[in-house]
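*Asks:* Submitted below is the structure of interest, expressed as structure tokens.
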Amino acid sequence: MKPDIKDREYMYKLIIGQLYYDGHQQIALNLANTLGCSAPVPPPTDKLYRLVTLAKQFVEDPDYKAEEAAPMQFETVSTGLDLEYDADVQPVSPEPSQYETIYLTVHKQPCRASAFNSDGSLVATGSADCSIKIMDVERILAREKEHREMNENGPDAHHPVIRTLYDHVDDVNTVIFHPRDAILISGSNDKTVKLFDFSKTAVKRAMKTLAEVYPVRALSCHPGGEFLLVGTDHSTLRLYNIETAQAYTSANPDDQHRDAITDVHYSENARLYCTASKDGDVKIWDGVSNRCVETFKRAHDGSQICSAKFTKNGKYILTSGMDSIVKLWELSTNRCLLIYTGAGATGAQDYPTSAFFNHNEDYVLFPDEKSGSMCSWDARNSDRKRLLALGHTSACRTFVHSPSMPAFITGSDDHRARFWYRKPTPIDH
């Protein structure tokens, strides 16, 4: 192919991506079909606008120096999702359909909560049996390498379950790890938030309990570790000082949701946090003033919002709803940029479940309740990938992806938590 033809193809892709990014989806699709760029359609990107802005500077000011402008990070390998610069980057991580279950742990009742710690070395599960298990991921991987049994039967000095915590008296709905200390934080139907110091090997009971008035649904810890966001079946969001147990709420009642809070999440730089609610809205809050600064009303056309998560760079929010649709929202323009569809085709979901990115944000993952499969999409262009059968005999009630490796955990009403991992293959090395 001649260089000028390749350059023109690249230009056309930039035009289509810019139209898509600017909200002219139908025009972008028509143009893509006309030019034969429809498989797959170029992802939304702001790259053309930035190139034109840079070129305009050169035309108007011939002495203009490029290094004085904002850096153009166009051809860098992405460490996360950034559609302004890397919309045409190809995924480098393994497709989620290639993951396998390499470890299984069983609770006495349904498994309803799960979380990885910040470096992915530990994973925890919480259950309706009131218990919490903490597992060592390195031990799980070591067992797989040694071809041991997948389940936890039999005596084993290198058992992956390193702690089992009992201090709740009702279903455990949510668990998170403290970002800096060996503390696990949990929320329950017993209307308490409990903090466990798991650095002590014999720990069973919580070192601190925060009493709430309603069942606790969602938790998120400030990246610095000093504050804790708590979402409950009440519409008012609470912010706790972990050290003093002092609770704060926004001084403006209009900031609050109108129904139960289903998810809370701090951005990595703590400048913002977001909340999701049964009222169908997603709210963005200032991390310093704790005031609501933006509301995406009826974010899923009125359906209950199940989850809301920031990307690593804090530029986007990934949401999922009871409509089984996953959406990507851009904060700089306050609009929905991409919609990931195809889940829920075999029937509406009965239970809320979260959507997550994989560890480097190449893919979006979402468990499809009725088919019992994990749906996944290319995060940059919403191209749907192959399904992964999850193997649970009941609905998947909790799911979270590792922040550091191709691994995730699923928990189900069948009482089981499955640890999934994409084993390295000779082609990877």
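Labels for the structure tokens follow display order: chains A, B, ..., residues from 1 in each chain, ligands from 1.
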Could you write out, as a ChimeraX atom specification, all the residues of region 321-358 of chain A that DSSP marks as strand (DSSP E or B)?
*Replies:* /A:321,326-330,335-340,342,344,356-357
*Asks:* Go ahead and write the selection's residues with C-alpha atoms as a PDB file, in the first residue's frame.
*Replies:*
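In the end it all went to again18.pdb:
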ATOM      1  CA  GLY A 321     -27.154  -0.510  35.854  1.00  0.00           C
ATOM      2  CA  VAL A 326     -22.361  -0.592  30.971  1.00  0.00           C
ATOM      3  CA  LYS A 327     -21.465   3.021  30.158  1.00  0.00           C
ATOM      4  CA  LEU A 328     -18.279   5.095  30.060  1.00  0.00           C
ATOM      5  CA  TRP A 329     -18.664   8.764  31.071  1.00  0.00           C
ATOM      6  CA  GLU A 330     -16.158  11.510  30.306  1.00  0.00           C
ATOM      7  CA  ARG A 335     -21.426  13.019  28.919  1.00  0.00           C
ATOM      8  CA  CYS A 336     -21.659   9.340  28.061  1.00  0.00           C
ATOM      9  CA  LEU A 337     -18.882   8.513  25.609  1.00  0.00           C
ATOM     10  CA  LEU A 338     -19.240   4.747  25.068  1.00  0.00           C
ATOM     11  CA  ILE A 339     -21.992   2.193  25.686  1.00  0.00           C
ATOM     12  CA  TYR A 340     -21.149  -1.496  26.140  1.00  0.00           C
ATOM     13  CA  GLY A 342     -25.001  -7.275  24.736  1.00  0.00           C
ATOM     14  CA  GLY A 344     -28.875  -9.192  29.561  1.00  0.00           C
ATOM     15  CA  PHE A 356     -14.897  -3.463  36.193  1.00  0.00           C
ATOM     16  CA  PHE A 357     -11.924  -2.815  33.959  1.00  0.00           C
TER      17      PHE A 357
END
*Asks:* Write out as a VMD selection string the residues lying within 8 Å of Leu229 (chain A), counting only C-alpha atoms and excluding same-chain residues fewer than 4 positions away.
*Replies:* chain A and resid 219 to 222 237 to 240 264
*Asks:* So that I have them on file, write out the residues from the current selection with N, CA and C atoms, as a tab-separated table (two decimals), in the first residue's frame.
*Replies:*
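Generated file (out-v6.tsv):
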chain	number	residue	atom	x	y	z
A	219	LEU	N	-18.48	0.91	50.45
A	219	LEU	CA	-17.40	1.56	51.18
A	219	LEU	C	-16.30	1.97	50.19
A	220	SER	N	-15.63	3.10	50.48
A	220	SER	CA	-14.45	3.48	49.73
A	220	SER	C	-13.53	4.28	50.64
A	221	CYS	N	-12.26	3.90	50.64
A	221	CYS	CA	-11.30	4.55	51.53
A	221	CYS	C	-10.50	5.61	50.76
A	222	HIS	N	-10.30	6.75	51.38
A	222	HIS	CA	-9.46	7.81	50.81
A	222	HIS	C	-8.07	7.23	50.53
A	237	LEU	N	-25.05	10.30	52.04
A	237	LEU	CA	-23.69	9.78	52.06
A	237	LEU	C	-22.97	10.26	53.32
A	238	ARG	N	-22.19	9.38	53.94
A	238	ARG	CA	-21.44	9.74	55.14
A	238	ARG	C	-19.94	9.62	54.87
A	239	LEU	N	-19.18	10.55	55.46
A	239	LEU	CA	-17.73	10.52	55.41
A	239	LEU	C	-17.21	10.43	56.83
A	240	TYR	N	-16.43	9.38	57.12
A	240	TYR	CA	-15.89	9.17	58.47
A	240	TYR	C	-14.41	9.48	58.52
A	264	VAL	N	-19.81	3.59	46.06
A	264	VAL	CA	-19.00	4.80	46.26
A	264	VAL	C	-17.58	4.49	45.82
*Asks:* Find the spatial neighbours of Ile16 (chain A), counting only C-alpha atoms, within a cut-off of 8 Å - ignore same-chain residues fewer than 5 positions away - and output them as a list in words.
*Replies:*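 With the cut-off at 8 Å, the set is Ala28, Leu29, Leu31, Ala32, Pro42 and Pro44 of chain A.
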*Asks:* Restricting the calculation to only C-alpha atoms: of A:Cys274, A:Ile134, A:Ala218, A:Pro253, which residue gets closest to Asp197 (chain A)?
*Replies:*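 Using only C-alpha atoms, the shortest distance to Asp197 (chain A) belongs to A:Ile134.
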*Asks:* Please list as a PyMOL selection string every residue within 12 Å of region 290-298 of chain A, counting only C-alpha atoms and excluding residues in the same chain fewer than 2 positions away.
*Replies:* chain A and resi 227+229+236-240+248-258+266+270-288+300-305+308+317+319+321+323+327-336
*Asks:* Tell me which protein, DNA and RNA residues are within 7 Å of Pro160 (chain A), counting only C-alpha atoms, leaving out same-chain ones fewer than 2 positions away, and put them as an MDAnalysis selection string.
*Replies:* chainID A and resid 135:136 139:140 158 162
*Asks:* Could you write out the selected residues, including N, CA and C atoms, as a short mmCIF file (atom, residue, chain, number, x, y, z; two decimals), in the first residue's frame?
*Replies:*
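So part-v5.cif came out as:
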data_model
loop_
_atom_site.label_atom_id
_atom_site.label_comp_id
_atom_site.auth_asym_id
_atom_site.auth_seq_id
_atom_site.Cartn_x
_atom_site.Cartn_y
_atom_site.Cartn_z
N MET A 135 -7.44 -14.13 51.50
CA MET A 135 -6.59 -15.12 50.82
C MET A 135 -5.33 -14.48 50.26
N ASP A 136 -4.26 -15.23 50.27
CA ASP A 136 -2.97 -14.80 49.74
C ASP A 136 -2.91 -15.22 48.26
N ARG A 139 -0.05 -17.54 47.15
CA ARG A 139 -0.26 -18.96 47.52
C ARG A 139 -1.23 -19.64 46.55
N ILE A 140 -2.24 -18.89 46.10
CA ILE A 140 -3.19 -19.45 45.12
C ILE A 140 -2.43 -19.79 43.84
N HIS A 158 0.57 -24.32 53.33
CA HIS A 158 0.56 -23.17 52.44
C HIS A 158 -0.87 -22.87 51.97
N ILE A 162 -5.62 -17.10 54.63
CA ILE A 162 -4.71 -16.77 55.74
C ILE A 162 -5.44 -16.22 56.96
#
*Asks:* DSSP on the backbone: what in region 98-308 of chain A comes out helix (DSSP H, G or I), as a PyMOL selection string?
*Replies:* chain A and resi 98+137-145+253-255
*Asks:* For those residues, write N, CA, C and O atoms to a file as a PDB file, in the first residue's frame.
*Replies:*
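result-v8.pdb was written with the following content:
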ATOM      1  N   GLN A  98     -10.092 -16.028  28.147  1.00  0.00           N
ATOM      2  CA  GLN A  98      -9.019 -17.014  28.292  1.00  0.00           C
ATOM      3  C   GLN A  98      -8.712 -17.352  29.760  1.00  0.00           C
ATOM      4  O   GLN A  98      -7.869 -18.201  30.038  1.00  0.00           O
ATOM      5  N   VAL A 137      -2.849 -14.255  47.358  1.00  0.00           N
ATOM      6  CA  VAL A 137      -2.888 -14.547  45.923  1.00  0.00           C
ATOM      7  C   VAL A 137      -1.655 -15.332  45.489  1.00  0.00           C
ATOM      8  O   VAL A 137      -1.743 -16.241  44.660  1.00  0.00           O
ATOM      9  N   GLU A 138      -0.495 -15.015  46.066  1.00  0.00           N
ATOM     10  CA  GLU A 138       0.731 -15.745  45.705  1.00  0.00           C
ATOM     11  C   GLU A 138       0.600 -17.231  46.025  1.00  0.00           C
ATOM     12  O   GLU A 138       1.055 -18.082  45.257  1.00  0.00           O
ATOM     13  N   ARG A 139      -0.052 -17.545  47.147  1.00  0.00           N
ATOM     14  CA  ARG A 139      -0.259 -18.962  47.516  1.00  0.00           C
ATOM     15  C   ARG A 139      -1.232 -19.636  46.547  1.00  0.00           C
ATOM     16  O   ARG A 139      -1.074 -20.821  46.224  1.00  0.00           O
ATOM     17  N   ILE A 140      -2.242 -18.886  46.104  1.00  0.00           N
ATOM     18  CA  ILE A 140      -3.186 -19.447  45.121  1.00  0.00           C
ATOM     19  C   ILE A 140      -2.434 -19.789  43.837  1.00  0.00           C
ATOM     20  O   ILE A 140      -2.596 -20.884  43.275  1.00  0.00           O
ATOM     21  N   LEU A 141      -1.581 -18.880  43.363  1.00  0.00           N
ATOM     22  CA  LEU A 141      -0.828 -19.117  42.130  1.00  0.00           C
ATOM     23  C   LEU A 141       0.185 -20.247  42.315  1.00  0.00           C
ATOM     24  O   LEU A 141       0.404 -21.046  41.399  1.00  0.00           O
ATOM     25  N   ALA A 142       0.798 -20.333  43.506  1.00  0.00           N
ATOM     26  CA  ALA A 142       1.775 -21.392  43.778  1.00  0.00           C
ATOM     27  C   ALA A 142       1.099 -22.769  43.744  1.00  0.00           C
ATOM     28  O   ALA A 142       1.652 -23.735  43.212  1.00  0.00           O
ATOM     29  N   ARG A 143      -0.102 -22.853  44.308  1.00  0.00           N
ATOM     30  CA  ARG A 143      -0.851 -24.123  44.284  1.00  0.00           C
ATOM     31  C   ARG A 143      -1.119 -24.556  42.851  1.00  0.00           C
ATOM     32  O   ARG A 143      -0.998 -25.737  42.504  1.00  0.00           O
ATOM     33  N   GLU A 144      -1.476 -23.587  42.016  1.00  0.00           N
ATOM     34  CA  GLU A 144      -1.790 -23.916  40.623  1.00  0.00           C
ATOM     35  C   GLU A 144      -0.552 -24.432  39.906  1.00  0.00           C
ATOM     36  O   GLU A 144      -0.604 -25.403  39.155  1.00  0.00           O
ATOM     37  N   LYS A 145       0.606 -23.783  40.164  1.00  0.00           N
ATOM     38  CA  LYS A 145       1.856 -24.205  39.518  1.00  0.00           C
ATOM     39  C   LYS A 145       2.244 -25.611  39.943  1.00  0.00           C
ATOM     40  O   LYS A 145       2.846 -26.371  39.188  1.00  0.00           O
ATOM     41  N   PRO A 253     -28.494  19.770  51.752  1.00  0.00           N
ATOM     42  CA  PRO A 253     -29.314  18.562  51.555  1.00  0.00           C
ATOM     43  C   PRO A 253     -29.565  18.236  50.085  1.00  0.00           C
ATOM     44  O   PRO A 253     -29.762  17.073  49.729  1.00  0.00           O
ATOM     45  N   ASP A 254     -29.542  19.260  49.215  1.00  0.00           N
ATOM     46  CA  ASP A 254     -29.790  19.030  47.788  1.00  0.00           C
ATOM     47  C   ASP A 254     -28.661  18.252  47.124  1.00  0.00           C
ATOM     48  O   ASP A 254     -28.818  17.762  45.998  1.00  0.00           O
ATOM     49  N   ASP A 255     -27.504  18.159  47.791  1.00  0.00           N
ATOM     50  CA  ASP A 255     -26.390  17.374  47.247  1.00  0.00           C
ATOM     51  C   ASP A 255     -26.697  15.880  47.251  1.00  0.00           C
ATOM     52  O   ASP A 255     -26.107  15.120  46.472  1.00  0.00           O
TER      53      ASP A 255
END
*Asks:* Using CA of Asp46 (chain A) and CA of Leu83 (chain A) as the two end points, give the distance in Å to one decimal.
*Replies:* 7.1 Å
*Asks:* When you draw a straight line from CA of Ile27 (chain A) to CA of Ala299 (chain A), how long is it in Å?
*Replies:*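 Atom-to-atom, CA of Ile27 (chain A) and CA of Ala299 (chain A) are spaced 23.5 Å apart.
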*Asks:* With a distance cut-off of 9 Å and only C-alpha atoms, select the neighbouring residues of Ile242 (chain A), excluding the residue or stretch itself and same-chain residues fewer than 4 positions from it, and output the selection as JSON, numbers by chain.
*Replies:* {"A": [225, 226, 227, 228, 246]}
*Asks:* Please identify all polymer residues within 12 Å of Met374 (chain A), counting only C-alpha atoms, omitting same-chain residues fewer than 5 positions from it, and present them as a count of residues only.
*Replies:* 39
*Asks:* My list of candidates is A:Cys111, A:Val230, A:Ala206, A:Ser93. Which is closest to Pro424 (chain A) when distances are computed with only C-alpha atoms?
*Replies:* A:Ser93
